[in-house]
Every structure is written in structure tokens, then in C-alpha cells.
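Shown next: run20.cif, containing mmCIF, C-alpha atoms.
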data_final
#
loop_
_atom_site.group_PDB
_atom_site.id
_atom_site.type_symbol
_atom_site.label_atom_id
_atom_site.label_comp_id
_atom_site.auth_asym_id
_atom_site.auth_seq_id
_atom_site.Cartn_x
_atom_site.Cartn_y
_atom_site.Cartn_z
ATOM 1 C CA MET A 19 132.068 1.109 83.717
ATOM 2 C CA LYS A 20 135.370 0.078 82.175
ATOM 3 C CA TYR A 21 134.702 2.473 79.317
ATOM 4 C CA VAL A 22 134.006 5.336 81.726
ATOM 5 C CA ILE A 23 137.267 4.657 83.540
ATOM 6 C CA SER A 24 139.177 4.473 80.257
ATOM 7 C CA SER A 25 137.702 7.782 79.175
ATOM 8 C CA LEU A 26 138.581 9.385 82.474
ATOM 9 C CA LEU A 27 142.101 8.013 82.162
ATOM 10 C CA ALA A 28 142.391 9.377 78.629
ATOM 11 C CA ALA A 29 141.213 12.781 79.834
ATOM 12 C CA LEU A 30 143.702 12.635 82.667
ATOM 13 C CA LEU A 31 146.481 11.767 80.234
ATOM 14 C CA LEU A 32 145.633 14.753 78.107
ATOM 15 C CA SER A 33 145.561 17.070 81.077
ATOM 16 C CA CYS A 34 148.900 15.914 82.500
ATOM 17 C CA SER A 35 152.335 16.292 81.044
ATOM 18 C CA ALA A 36 153.794 13.013 79.861
ATOM 19 C CA GLY A 37 156.474 13.339 82.499
ATOM 20 C CA ALA A 38 154.065 13.827 85.347
ATOM 21 C CA PHE A 39 152.146 10.772 84.245
ATOM 22 C CA ALA A 40 155.168 8.550 83.799
ATOM 23 C CA GLN A 41 156.119 9.301 87.382
ATOM 24 C CA GLN A 42 152.970 7.638 88.629
ATOM 25 C CA ALA A 43 152.700 4.885 86.048
ATOM 26 C CA GLY A 44 151.225 1.925 87.827
ATOM 27 C CA ALA A 45 151.920 3.241 91.303
ATOM 28 C CA LYS A 46 149.159 2.894 93.869
ATOM 29 C CA PRO A 47 148.358 5.732 96.305
ATOM 30 C CA GLU A 48 149.909 3.694 99.129
ATOM 31 C CA GLN A 49 153.165 3.477 97.180
ATOM 32 C CA LEU A 50 153.163 7.197 96.411
ATOM 33 C CA ILE A 51 152.627 7.965 100.112
ATOM 34 C CA LYS A 52 155.421 5.557 101.041
ATOM 35 C CA TRP A 53 157.750 7.232 98.570
ATOM 36 C CA ARG A 54 157.013 10.721 99.848
ATOM 37 C CA GLN A 55 157.403 9.617 103.466
ATOM 38 C CA SER A 56 160.745 8.131 102.452
ATOM 39 C CA VAL A 57 161.799 11.330 100.717
ATOM 40 C CA TYR A 58 161.145 13.304 103.908
ATOM 41 C CA GLN A 59 163.131 10.798 105.960
ATOM 42 C CA VAL A 60 166.073 11.192 103.598
ATOM 43 C CA LEU A 61 165.720 14.979 103.786
ATOM 44 C CA GLY A 62 165.711 14.674 107.586
ATOM 45 C CA TRP A 63 168.832 12.500 107.573
ATOM 46 C CA ASN A 64 170.720 14.977 105.430
ATOM 47 C CA SER A 65 169.460 18.065 107.262
ATOM 48 C CA GLY A 66 170.562 16.452 110.505
ATOM 49 C CA ARG A 67 174.019 15.845 109.092
ATOM 50 C CA ILE A 68 174.372 19.460 107.997
ATOM 51 C CA LYS A 69 173.156 20.703 111.385
ATOM 52 C CA ALA A 70 175.637 18.422 113.177
ATOM 53 C CA ASN A 71 178.422 19.839 111.021
ATOM 54 C CA VAL A 72 177.598 23.539 111.286
ATOM 55 C CA ASP A 73 177.000 23.216 115.043
ATOM 56 C CA GLY A 74 180.028 21.023 115.682
ATOM 57 C CA GLN A 75 183.070 19.616 113.984
ATOM 58 C CA PHE A 76 182.867 20.825 110.401
ATOM 59 C CA ASN A 77 183.524 18.388 107.571
ATOM 60 C CA LYS A 78 183.106 20.040 104.194
ATOM 61 C CA GLU A 79 182.825 16.785 102.260
ATOM 62 C CA GLU A 80 179.909 15.576 104.345
ATOM 63 C CA VAL A 81 178.131 18.921 104.116
ATOM 64 C CA VAL A 82 178.542 18.980 100.340
ATOM 65 C CA ARG A 83 177.122 15.524 99.808
ATOM 66 C CA SER A 84 174.258 16.183 102.212
ATOM 67 C CA ALA A 85 173.420 19.505 100.549
ATOM 68 C CA ASN A 86 173.652 17.921 97.097
ATOM 69 C CA THR A 87 171.230 15.189 98.159
ATOM 70 C CA ILE A 88 168.742 17.737 99.497
ATOM 71 C CA ALA A 89 169.009 19.795 96.299
ATOM 72 C CA ALA A 90 168.579 16.718 94.089
ATOM 73 C CA LEU A 91 165.444 15.767 96.022
ATOM 74 C CA ALA A 92 164.142 19.337 95.860
ATOM 75 C CA ASN A 93 164.590 19.177 92.088
ATOM 76 C CA SER A 94 163.242 15.643 91.739
ATOM 77 C CA GLY A 95 159.562 16.491 91.358
ATOM 78 C CA ILE A 96 158.248 15.562 94.795
ATOM 79 C CA GLY A 97 154.915 17.170 93.917
ATOM 80 C CA ALA A 98 154.065 14.131 91.809
ATOM 81 C CA LEU A 99 153.988 12.066 95.007
ATOM 82 C CA PHE A 100 151.004 14.118 96.177
ATOM 83 C CA ALA A 101 148.873 13.079 93.207
ATOM 84 C CA PRO A 102 145.073 12.979 93.466
ATOM 85 C CA GLY A 103 144.045 9.915 95.442
ATOM 86 C CA THR A 104 146.773 10.334 98.045
ATOM 87 C CA GLU A 105 144.875 12.765 100.304
ATOM 88 C CA THR A 106 144.406 9.994 102.843
ATOM 89 C CA GLY A 107 145.949 6.572 103.215
ATOM 90 C CA LYS A 108 148.863 4.674 104.602
ATOM 91 C CA GLY A 109 152.352 4.372 103.159
ATOM 92 C CA TRP A 110 154.836 3.330 105.825
ATOM 93 C CA LYS A 111 152.269 4.873 108.177
ATOM 94 C CA GLU A 112 149.194 7.103 107.886
ATOM 95 C CA THR A 113 149.935 10.187 105.858
ATOM 96 C CA ALA A 114 150.849 13.259 107.922
ATOM 97 C CA THR A 115 149.798 15.605 105.130
ATOM 98 C CA LYS A 116 146.811 17.720 106.184
ATOM 99 C CA PRO A 117 143.751 17.796 103.891
ATOM 100 C CA GLU A 118 144.334 21.550 103.483
ATOM 101 C CA PHE A 119 147.510 20.788 101.527
ATOM 102 C CA PHE A 120 145.460 19.446 98.644
ATOM 103 C CA LYS A 121 143.105 22.433 98.605
ATOM 104 C CA ASN A 122 145.712 25.196 98.497
ATOM 105 C CA GLN A 123 147.703 24.600 95.367
ATOM 106 C CA GLN A 124 148.828 28.199 95.085
ATOM 107 C CA LYS A 125 150.144 28.406 98.637
ATOM 108 C CA VAL A 126 151.749 24.974 98.403
ATOM 109 C CA GLY A 127 153.397 25.933 95.126
ATOM 110 C CA GLU A 128 154.789 29.077 96.716
ATOM 111 C CA LEU A 129 156.175 27.196 99.730
ATOM 112 C CA ALA A 130 157.615 24.463 97.514
ATOM 113 C CA GLY A 131 159.260 27.113 95.346
ATOM 114 C CA ASN A 132 160.858 28.677 98.406
ATOM 115 C CA PHE A 133 162.180 25.285 99.532
ATOM 116 C CA ASN A 134 163.510 24.548 96.080
ATOM 117 C CA ARG A 135 165.280 27.896 95.807
ATOM 118 C CA GLU A 136 166.934 27.718 99.229
ATOM 119 C CA ALA A 137 167.937 24.059 98.749
ATOM 120 C CA ASN A 138 169.708 24.823 95.481
ATOM 121 C CA GLU A 139 171.340 27.869 97.035
ATOM 122 C CA LEU A 140 172.570 25.718 99.924
ATOM 123 C CA ALA A 141 174.209 23.292 97.499
ATOM 124 C CA LYS A 142 176.052 26.249 95.942
ATOM 125 C CA VAL A 143 177.092 27.704 99.292
ATOM 126 C CA ALA A 144 178.173 24.256 100.549
ATOM 127 C CA ALA A 145 180.579 23.943 97.638
ATOM 128 C CA SER A 146 182.321 27.094 98.864
ATOM 129 C CA GLY A 147 183.134 25.403 102.177
ATOM 130 C CA ASP A 148 182.441 28.624 104.111
ATOM 131 C CA SER A 149 180.963 27.222 107.322
ATOM 132 C CA ALA A 150 179.414 30.498 108.510
ATOM 133 C CA ALA A 151 177.737 31.068 105.143
ATOM 134 C CA ILE A 152 176.557 27.444 105.104
ATOM 135 C CA LYS A 153 175.090 27.828 108.581
ATOM 136 C CA ALA A 154 173.222 30.977 107.540
ATOM 137 C CA GLN A 155 171.908 29.395 104.360
ATOM 138 C CA PHE A 156 170.942 26.211 106.208
ATOM 139 C CA GLY A 157 168.892 28.422 108.536
ATOM 140 C CA LYS A 158 167.061 29.890 105.542
ATOM 141 C CA LEU A 159 166.358 26.428 104.170
ATOM 142 C CA SER A 160 165.089 25.209 107.542
ATOM 143 C CA GLN A 161 162.637 28.103 107.673
ATOM 144 C CA THR A 162 161.101 26.966 104.378
ATOM 145 C CA CYS A 163 160.660 23.440 105.792
ATOM 146 C CA LYS A 164 159.048 24.805 108.939
ATOM 147 C CA ALA A 165 156.725 27.118 107.021
ATOM 148 C CA CYS A 166 155.203 24.195 105.151
ATOM 149 C CA HIS A 167 155.086 21.901 108.185
ATOM 150 C CA ASP A 168 153.322 24.603 110.217
ATOM 151 C CA ASP A 169 150.516 24.856 107.708
ATOM 152 C CA PHE A 170 150.258 21.440 106.160
ATOM 153 C CA LYS A 171 151.799 18.708 108.311
ATOM 154 C CA VAL A 172 150.001 16.906 111.114
ATOM 155 C CA LYS A 173 152.040 17.231 114.294
ATOM 156 C CA ASP A 174 153.834 14.028 115.371
ATOM 157 C CA MET B 22 181.687 3.974 134.611
ATOM 158 C CA LYS B 23 181.039 7.356 133.129
ATOM 159 C CA TYR B 24 184.766 7.837 132.756
ATOM 160 C CA VAL B 25 185.141 4.489 130.959
ATOM 161 C CA ILE B 26 182.378 5.435 128.526
ATOM 162 C CA SER B 27 183.945 8.836 127.949
ATOM 163 C CA SER B 28 187.284 7.219 127.243
ATOM 164 C CA LEU B 29 185.694 4.755 124.852
ATOM 165 C CA LEU B 30 183.905 7.599 123.133
ATOM 166 C CA ALA B 31 187.124 9.556 122.849
ATOM 167 C CA ALA B 32 188.865 6.511 121.366
ATOM 168 C CA LEU B 33 185.987 6.049 118.966
ATOM 169 C CA LEU B 34 186.200 9.683 117.939
ATOM 170 C CA LEU B 35 189.890 9.286 117.235
ATOM 171 C CA SER B 36 189.357 6.137 115.210
ATOM 172 C CA CYS B 37 186.562 7.552 113.055
ATOM 173 C CA SER B 38 186.694 10.415 110.637
ATOM 174 C CA ALA B 39 184.826 13.415 111.975
ATOM 175 C CA GLY B 40 182.431 13.130 109.077
ATOM 176 C CA ALA B 41 181.572 9.510 109.685
ATOM 177 C CA PHE B 42 180.886 10.260 113.304
ATOM 178 C CA ALA B 43 178.762 13.334 112.687
ATOM 179 C CA GLN B 44 176.556 11.279 110.403
ATOM 180 C CA GLN B 45 175.469 9.089 113.261
ATOM 181 C CA ALA B 46 175.491 11.663 116.022
ATOM 182 C CA GLY B 47 172.678 10.767 118.356
ATOM 183 C CA ALA B 48 170.931 8.458 115.912
ATOM 184 C CA LYS B 49 169.650 5.143 117.235
ATOM 185 C CA PRO B 50 170.023 1.935 115.205
ATOM 186 C CA GLU B 51 166.277 1.979 114.481
ATOM 187 C CA GLN B 52 166.614 5.445 112.982
ATOM 188 C CA LEU B 53 169.604 4.434 110.861
ATOM 189 C CA ILE B 54 167.664 1.424 109.560
ATOM 190 C CA LYS B 55 164.643 3.652 108.821
ATOM 191 C CA TRP B 56 166.857 6.078 106.932
ATOM 192 C CA ARG B 57 168.465 3.377 104.826
ATOM 193 C CA GLN B 58 165.093 1.777 104.072
ATOM 194 C CA SER B 59 163.910 5.223 102.996
ATOM 195 C CA VAL B 60 166.959 5.731 100.793
ATOM 196 C CA TYR B 61 166.199 2.471 98.967
ATOM 197 C CA GLN B 62 162.566 3.494 98.509
ATOM 198 C CA VAL B 63 163.672 6.765 96.965
ATOM 199 C CA LEU B 64 166.139 4.889 94.743
ATOM 200 C CA GLY B 65 163.269 2.603 93.708
ATOM 201 C CA TRP B 66 161.006 5.541 92.923
ATOM 202 C CA ASN B 67 163.623 7.144 90.718
ATOM 203 C CA SER B 68 164.712 3.905 89.039
ATOM 204 C CA GLY B 69 161.074 3.227 88.242
ATOM 205 C CA ARG B 70 160.724 6.640 86.659
ATOM 206 C CA ILE B 71 163.768 6.109 84.465
ATOM 207 C CA LYS B 72 162.549 2.663 83.438
ATOM 208 C CA ALA B 73 159.111 4.078 82.557
ATOM 209 C CA ASN B 74 160.808 6.713 80.428
ATOM 210 C CA VAL B 75 163.267 4.512 78.558
ATOM 211 C CA ASP B 76 160.582 1.875 77.955
ATOM 212 C CA GLY B 77 157.853 4.350 77.035
ATOM 213 C CA GLN B 78 157.296 7.999 76.339
ATOM 214 C CA PHE B 79 160.674 9.630 76.870
ATOM 215 C CA ASN B 80 160.875 12.849 78.879
ATOM 216 C CA LYS B 81 164.446 14.048 79.212
ATOM 217 C CA GLU B 82 163.735 16.403 82.107
ATOM 218 C CA GLU B 83 162.262 13.640 84.242
ATOM 219 C CA VAL B 84 165.113 11.261 83.429
ATOM 220 C CA VAL B 85 167.688 13.907 84.335
ATOM 221 C CA ARG B 86 166.177 14.705 87.694
ATOM 222 C CA SER B 87 165.710 11.020 88.505
ATOM 223 C CA ALA B 88 169.289 10.184 87.522
ATOM 224 C CA ASN B 89 170.608 13.167 89.487
ATOM 225 C CA THR B 90 168.725 12.002 92.569
ATOM 226 C CA ILE B 91 170.140 8.489 92.268
ATOM 227 C CA ALA B 92 173.661 9.860 91.810
ATOM 228 C CA ALA B 93 173.306 12.218 94.784
ATOM 229 C CA LEU B 94 172.177 9.308 96.958
ATOM 230 C CA ALA B 95 174.996 7.118 95.659
ATOM 231 C CA ASN B 96 177.416 9.875 96.661
ATOM 232 C CA SER B 97 175.701 10.643 99.968
ATOM 233 C CA GLY B 98 177.524 8.121 102.129
ATOM 234 C CA ILE B 99 174.860 5.441 102.524
ATOM 235 C CA GLY B 100 177.440 3.151 104.124
ATOM 236 C CA ALA B 101 177.142 5.159 107.331
ATOM 237 C CA LEU B 102 173.572 3.915 107.667
ATOM 238 C CA PHE B 103 174.913 0.373 108.062
ATOM 239 C CA ALA B 104 176.896 1.260 111.182
ATOM 240 C CA PRO B 105 177.678 -1.366 113.822
ATOM 241 C CA GLY B 106 174.548 -2.052 115.854
ATOM 242 C CA THR B 107 172.260 -2.085 112.824
ATOM 243 C CA GLU B 108 172.791 -5.749 111.881
ATOM 244 C CA THR B 109 169.308 -6.548 113.135
ATOM 245 C CA GLY B 110 166.393 -4.376 114.100
ATOM 246 C CA LYS B 111 163.359 -2.575 112.821
ATOM 247 C CA GLY B 112 163.225 0.771 111.048
ATOM 248 C CA TRP B 113 159.990 1.126 109.100
ATOM 249 C CA LYS B 114 160.060 -2.679 109.154
ATOM 250 C CA GLU B 115 162.566 -5.435 109.994
ATOM 251 C CA THR B 116 165.817 -4.898 108.166
ATOM 252 C CA ALA B 117 166.139 -6.847 104.909
ATOM 253 C CA THR B 118 169.925 -6.715 105.051
ATOM 254 C CA LYS B 119 171.394 -10.203 105.452
ATOM 255 C CA PRO B 120 173.876 -10.801 108.303
ATOM 256 C CA GLU B 121 176.481 -11.678 105.627
ATOM 257 C CA PHE B 122 176.479 -8.032 104.524
ATOM 258 C CA PHE B 123 178.187 -7.010 107.752
ATOM 259 C CA LYS B 124 180.814 -9.751 107.513
ATOM 260 C CA ASN B 125 181.998 -9.096 103.968
ATOM 261 C CA GLN B 126 183.276 -5.534 103.968
ATOM 262 C CA GLN B 127 185.537 -6.076 100.983
ATOM 263 C CA LYS B 128 182.822 -7.544 98.768
ATOM 264 C CA VAL B 129 180.283 -4.939 99.915
ATOM 265 C CA GLY B 130 182.772 -2.170 99.214
ATOM 266 C CA GLU B 131 183.352 -3.529 95.730
ATOM 267 C CA LEU B 132 179.603 -3.762 94.975
ATOM 268 C CA ALA B 133 178.980 -0.300 96.433
ATOM 269 C CA GLY B 134 181.801 1.089 94.305
ATOM 270 C CA ASN B 135 180.238 -0.425 91.181
ATOM 271 C CA PHE B 136 176.856 1.085 92.054
ATOM 272 C CA ASN B 137 178.436 4.463 92.702
ATOM 273 C CA ARG B 138 180.354 4.442 89.416
ATOM 274 C CA GLU B 139 177.380 3.443 87.272
ATOM 275 C CA ALA B 140 175.040 5.889 89.053
ATOM 276 C CA ASN B 141 177.354 8.808 88.389
ATOM 277 C CA GLU B 142 177.823 7.671 84.803
ATOM 278 C CA LEU B 143 174.041 7.518 84.368
ATOM 279 C CA ALA B 144 173.695 11.118 85.554
ATOM 280 C CA LYS B 145 176.234 12.135 82.890
ATOM 281 C CA VAL B 146 174.569 10.101 80.142
ATOM 282 C CA ALA B 147 171.116 11.407 81.170
ATOM 283 C CA ALA B 148 172.300 14.972 80.628
ATOM 284 C CA SER B 149 173.038 14.064 77.004
ATOM 285 C CA GLY B 150 169.382 13.186 76.437
ATOM 286 C CA ASP B 151 170.334 10.202 74.243
ATOM 287 C CA SER B 152 167.558 7.767 75.139
ATOM 288 C CA ALA B 153 169.308 4.659 73.758
ATOM 289 C CA ALA B 154 172.494 5.461 75.662
ATOM 290 C CA ILE B 155 170.460 6.161 78.800
ATOM 291 C CA LYS B 156 168.661 2.830 78.461
ATOM 292 C CA ALA B 157 171.980 1.001 78.101
ATOM 293 C CA GLN B 158 173.530 2.785 81.069
ATOM 294 C CA PHE B 159 170.406 2.263 83.157
ATOM 295 C CA GLY B 160 170.788 -1.452 82.428
ATOM 296 C CA LYS B 161 174.349 -1.353 83.752
ATOM 297 C CA LEU B 162 173.217 0.440 86.898
ATOM 298 C CA SER B 163 170.398 -2.036 87.471
ATOM 299 C CA GLN B 164 172.872 -4.902 87.306
ATOM 300 C CA THR B 165 174.844 -3.361 90.165
ATOM 301 C CA CYS B 166 171.668 -3.123 92.259
ATOM 302 C CA LYS B 167 170.792 -6.741 91.495
ATOM 303 C CA ALA B 168 174.299 -7.991 92.276
ATOM 304 C CA CYS B 169 174.090 -6.624 95.813
ATOM 305 C CA HIS B 170 170.476 -7.696 96.360
ATOM 306 C CA ASP B 171 171.313 -11.246 95.220
ATOM 307 C CA ASP B 172 174.009 -11.604 97.827
ATOM 308 C CA PHE B 173 172.924 -9.415 100.688
ATOM 309 C CA LYS B 174 169.183 -8.665 100.649
ATOM 310 C CA VAL B 175 166.532 -10.897 102.136
ATOM 311 C CA LYS B 176 163.927 -11.709 99.471
ATOM 312 C CA ASP B 177 160.611 -9.888 99.897
#
Written form, C-alpha cells:
Amino acid sequence: MKYVISSLLAALLLSCSAGAFAQQAGAKPEQLIKWRQSVYQVLGWNSGRIKANVDGQFNKEEVVRSANTIAALANSGIGALFAPGTETGKGWKETATKPEFFKNQQKVGELAGNFNREANELAKVAASGDSAAIKAQFGKLSQTCKACHDDFKVKD
Amino acid sequence: MKYVISSLLAALLLSCSAGAFAQQAGAKPEQLIKWRQSVYQVLGWNSGRIKANVDGQFNKEEVVRSANTIAALANSGIGALFAPGTETGKGWKETATKPEFFKNQQKVGELAGNFNREANELAKVAASGDSAAIKAQFGKLSQTCKACHDDFKVKD
């Protein structure tokens, strides 16, 4: 049995990039789910800050650091936190990712690409300090969040 | 009573920077604690990835995105998540921040400044791709985490 598992692990190693594997080294599914739930909380915190700024009293510095955090997370390789074995389970709480998420790699990849693109664009626009442009770009980013939640997130 | 609260709120607005206030707009202490607990999880995820890379098979791309995420979080204004009212309470779980944290602003500011400096330096060093230099700088960053945990974090 140990040999079978070792062989499977070896096969998995060969089929993954070294980077993708290192991300999960030693991490249990529960930890991966906890990390991804944490990432979405941090995204929510920073989205909320940008919304508060574009809807109210505008503070460029806060918008820039919020947008930079969202972009860094978008670029961080969140996909690795949805590794096989994390389809169900509890991190901080039961996962809110629908089973369909894990069966639609192409669609998920497309939605993730849209999020990534708009998040990086927002960081650029934020640096300009143009509040109207930031508001417009934040709207585009929010649409990419919603698109994925609509299809693949269990409603709260 | 409403007038008193409005006056207090107005005074508070005047005494805070607009940015600092917008960060907390409408957020309850429990939410702030949940956000900060999430931030530390994300820091842990990314620190773990860097450690796995400098101790094992080195993948520059993964180190860069991990270091950039840590730097973005260091720059994001985490201090706002320790606002008055969050000394005790439950986010995802009971806060692990010791009461002393809230009574030692100068020391906390100094430790936070060290963390911020080393995190931003790590992002720079990561971009160079020099694994030995990254390992050394990651060590410096880790010391700043430990220094704060030693004084102000309840042991798990």
C-alpha cells in the first residue's frame, strides 16, 4: 500500500510543475481550504475599502494599497489552493466552493483569467489617482468576482 | 442622544484621517478580527511557500509572487484591523492578540515598521532570483514576525 501511494505521489510530482507542488508541500486539504477562505476575506476587506473610497471620501493612498493587495493576491497562484482533495471539507468553515468548480477547469480558468486581468488593470488605474477611472475599473473587477460566485460559490 | 452620537462621530471623523476611517466604515469588531486573522493566514501561506522554495527545489516565479503578496499585505495598512474595540472578541476564532498589544503602541509600531521594511526588501531581493540572498532576507523577515509573536501573540 505504501508503495502504491509512493508511486502515485511520484506520478503526481511528474505531472505537476515543481512550483505548483511546492505550494502544497505538506499542507492538508483543511489547511488549503482555510488559506483560500482567508484569501477571499482579504479580497473582501480590500474591495470594501476601495468601494468606500470611490463612493465616499476619496483617499488615493488607501485605494492604491488596497488595489495593490488585490493584484498581488490575483497574481499569487490562488488556483493551487483548489488542489485535488479539497472538493469538500472544512477550513475555517465548510467550503463554499460548488462541486461544479472542480469539473469545469476551462470555464474556471477563463473566469480566473478575467479576474486576474481586471485586478492588475485596477492596480495600474489606482496609481493614476483618477477617482472616476478607478470607480469604473473597480466595477469591471467586481463583475469578474460576481461571475465566478454566480456559477461556483454556494450562497451564504 | 442621536445628536450626541452625531457630534461624537463628527469629532471622530476630524481626529482620524479619512483613509483610516474609510477602512473601518461599517465593519464590526468581529469582522475586523476575522480580516486580520485571514491576513495572517495568507502571510503564513506565502511564507511557507518561500520557505519550501529556499529549502528545496527553487522556483523563482513562485518566490516572487509569494514575496509580492507579503509585501502588499505589509503595505496594506493592517494596523487598521486592530482598531479600538477589537481587544477581545471572536473573528474566525477568539483573537490571539494579547491585551499588551493594545497598550504598547510605540513598541508595536517599531515591530510593525521592522516587518514592513524587511517584507519590502524581500520583494526586491526575490526579483533578483538569487536564492541565497532570498534565503538570507527571508530569515530577516521571519525574525520580525517572531519578535512580534513572542511579545504579543497568545501561543497556539
Worksheet item: Near stretch 163-173 of chain A, within 12 Å and counting all atoms listed in the file, which residues show up once chain neighbours fewer than 5 positions away are dropped, as number ranges by chain?
Response: A: 55, 58, 61-62, 65, 88, 92, 105, 112-123, 125-137, 156-158
Worksheet item: So these two share a sequence; what Cα RMSD do you get laying chain B over chain A, all Cα, in order, least squares?
Response: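 Root-mean-square deviation of the C-alpha atoms: 0.6 Å.
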Discussion item. With the PyMOL selection byres ((chain B) within 8 of (chain A)) as the selection, what would be picked from this file? Answer as a VMD selection string, please.
Written reply: chain B and resid 39 to 40 43 to 44 46 55 to 56 58 to 60 62 to 63 66 69 to 70 73 to 74 78 to 80 82 to 83 86 to 87 89 to 90 93 to 94 96 to 98 113
Could you dump the residues just selected with C-alpha atoms as an mmCIF file, in the coordinates of the input?
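Saved result, result.cif, follows:
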data_model
loop_
_atom_site.group_PDB
_atom_site.id
_atom_site.type_symbol
_atom_site.label_atom_id
_atom_site.label_comp_id
_atom_site.auth_asym_id
_atom_site.auth_seq_id
_atom_site.Cartn_x
_atom_site.Cartn_y
_atom_site.Cartn_z
ATOM 1 C CA ALA B 39 184.826 13.415 111.975
ATOM 2 C CA GLY B 40 182.431 13.130 109.077
ATOM 3 C CA ALA B 43 178.762 13.334 112.687
ATOM 4 C CA GLN B 44 176.556 11.279 110.403
ATOM 5 C CA ALA B 46 175.491 11.663 116.022
ATOM 6 C CA LYS B 55 164.643 3.652 108.821
ATOM 7 C CA TRP B 56 166.857 6.078 106.932
ATOM 8 C CA GLN B 58 165.093 1.777 104.072
ATOM 9 C CA SER B 59 163.910 5.223 102.996
ATOM 10 C CA VAL B 60 166.959 5.731 100.793
ATOM 11 C CA GLN B 62 162.566 3.494 98.509
ATOM 12 C CA VAL B 63 163.672 6.765 96.965
ATOM 13 C CA TRP B 66 161.006 5.541 92.923
ATOM 14 C CA GLY B 69 161.074 3.227 88.242
ATOM 15 C CA ARG B 70 160.724 6.640 86.659
ATOM 16 C CA ALA B 73 159.111 4.078 82.557
ATOM 17 C CA ASN B 74 160.808 6.713 80.428
ATOM 18 C CA GLN B 78 157.296 7.999 76.339
ATOM 19 C CA PHE B 79 160.674 9.630 76.870
ATOM 20 C CA ASN B 80 160.875 12.849 78.879
ATOM 21 C CA GLU B 82 163.735 16.403 82.107
ATOM 22 C CA GLU B 83 162.262 13.640 84.242
ATOM 23 C CA ARG B 86 166.177 14.705 87.694
ATOM 24 C CA SER B 87 165.710 11.020 88.505
ATOM 25 C CA ASN B 89 170.608 13.167 89.487
ATOM 26 C CA THR B 90 168.725 12.002 92.569
ATOM 27 C CA ALA B 93 173.306 12.218 94.784
ATOM 28 C CA LEU B 94 172.177 9.308 96.958
ATOM 29 C CA ASN B 96 177.416 9.875 96.661
ATOM 30 C CA SER B 97 175.701 10.643 99.968
ATOM 31 C CA GLY B 98 177.524 8.121 102.129
ATOM 32 C CA TRP B 113 159.990 1.126 109.100
#
Item to complete: May I ask for the distance between atom CA of B:Ile99 and atom CA of B:Asp177, given in Å to one decimal place?
Response: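 A separation of 21.1 Å between them.
If you count all atoms listed in the file and ignore residues fewer than 6 places along the chain from A:Ala154, what sits within 12 Å of it is A:Ile68, A:Lys69, A:Val72, A:Asp73, A:Glu136, A:Glu139, A:Leu140, A:Val143, A:Ala144, A:Asp148, A:Ser160, A:Gln161.
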Discussion item. Report, in Å with one decimal, the straight-line distance from atom CA of B:Leu162 to atom CA of A:Gly109.
Written reply: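 Taking atom CA of B:Leu162 and atom CA of A:Gly109, their separation equals 26.7 Å.
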Please determine an axis-aligned box that encloses all atoms of stretch 81-93 of chain B listed in the file, with 4 Å added on each side, and express its centre and edge lengths in Å to one decimal as lines of an AutoDock Vina configuration file.
center_x = 168.0
center_y = 12.4
center_z = 87.0
size_x = 19.4
size_y = 15.9
size_z = 23.6
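Across the structure, atom CA of B:Ile54 and atom CA of B:Thr165 are spaced 21.2 Å apart.
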As an mmCIF file, in the frame of the given file, the rebuilt stretch 105-120 of chain A with N, CA and C atoms:
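Saved to result27.cif:
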data_model
loop_
_atom_site.group_PDB
_atom_site.id
_atom_site.type_symbol
_atom_site.label_atom_id
_atom_site.label_comp_id
_atom_site.auth_asym_id
_atom_site.auth_seq_id
_atom_site.Cartn_x
_atom_site.Cartn_y
_atom_site.Cartn_z
ATOM 1 N N GLU A 105 145.245 11.832 99.229
ATOM 2 C CA GLU A 105 144.875 12.765 100.304
ATOM 3 C C GLU A 105 144.821 12.054 101.655
ATOM 4 N N THR A 106 144.404 10.807 101.629
ATOM 5 C CA THR A 106 144.406 9.994 102.843
ATOM 6 C C THR A 106 145.034 8.649 102.482
ATOM 7 N N GLY A 107 145.405 7.898 103.490
ATOM 8 C CA GLY A 107 145.949 6.572 103.215
ATOM 9 C C GLY A 107 147.249 6.344 103.957
ATOM 10 N N LYS A 108 147.705 5.122 103.831
ATOM 11 C CA LYS A 108 148.863 4.674 104.602
ATOM 12 C C LYS A 108 149.986 4.256 103.664
ATOM 13 N N GLY A 109 151.162 4.847 103.844
ATOM 14 C CA GLY A 109 152.352 4.372 103.159
ATOM 15 C C GLY A 109 153.082 3.487 104.158
ATOM 16 N N TRP A 110 154.212 4.006 104.687
ATOM 17 C CA TRP A 110 154.836 3.330 105.825
ATOM 18 C C TRP A 110 153.932 3.459 107.044
ATOM 19 N N LYS A 111 153.213 4.575 107.092
ATOM 20 C CA LYS A 111 152.269 4.873 108.177
ATOM 21 C C LYS A 111 151.220 5.814 107.587
ATOM 22 N N GLU A 112 150.216 6.178 108.374
ATOM 23 C CA GLU A 112 149.194 7.103 107.886
ATOM 24 C C GLU A 112 149.857 8.397 107.421
ATOM 25 N N THR A 113 149.344 8.941 106.352
ATOM 26 C CA THR A 113 149.935 10.187 105.858
ATOM 27 C C THR A 113 149.816 11.298 106.899
ATOM 28 N N ALA A 114 150.848 12.119 106.994
ATOM 29 C CA ALA A 114 150.849 13.259 107.922
ATOM 30 C C ALA A 114 150.544 14.554 107.171
ATOM 31 N N THR A 115 150.149 14.414 105.916
ATOM 32 C CA THR A 115 149.798 15.605 105.130
ATOM 33 C C THR A 115 148.356 15.994 105.442
ATOM 34 N N LYS A 116 148.161 17.251 105.852
ATOM 35 C CA LYS A 116 146.811 17.720 106.184
ATOM 36 C C LYS A 116 145.954 17.831 104.917
ATOM 37 N N PRO A 117 144.642 17.641 105.059
ATOM 38 C CA PRO A 117 143.751 17.796 103.891
ATOM 39 C C PRO A 117 143.898 19.165 103.230
ATOM 40 N N GLU A 118 144.201 20.190 104.021
ATOM 41 C CA GLU A 118 144.334 21.550 103.483
ATOM 42 C C GLU A 118 145.408 21.635 102.404
ATOM 43 N N PHE A 119 146.413 20.796 102.502
ATOM 44 C CA PHE A 119 147.510 20.788 101.527
ATOM 45 C C PHE A 119 146.970 20.650 100.112
ATOM 46 N N PHE A 120 145.973 19.776 99.979
ATOM 47 C CA PHE A 120 145.460 19.446 98.644
ATOM 48 C C PHE A 120 144.447 20.474 98.126
#
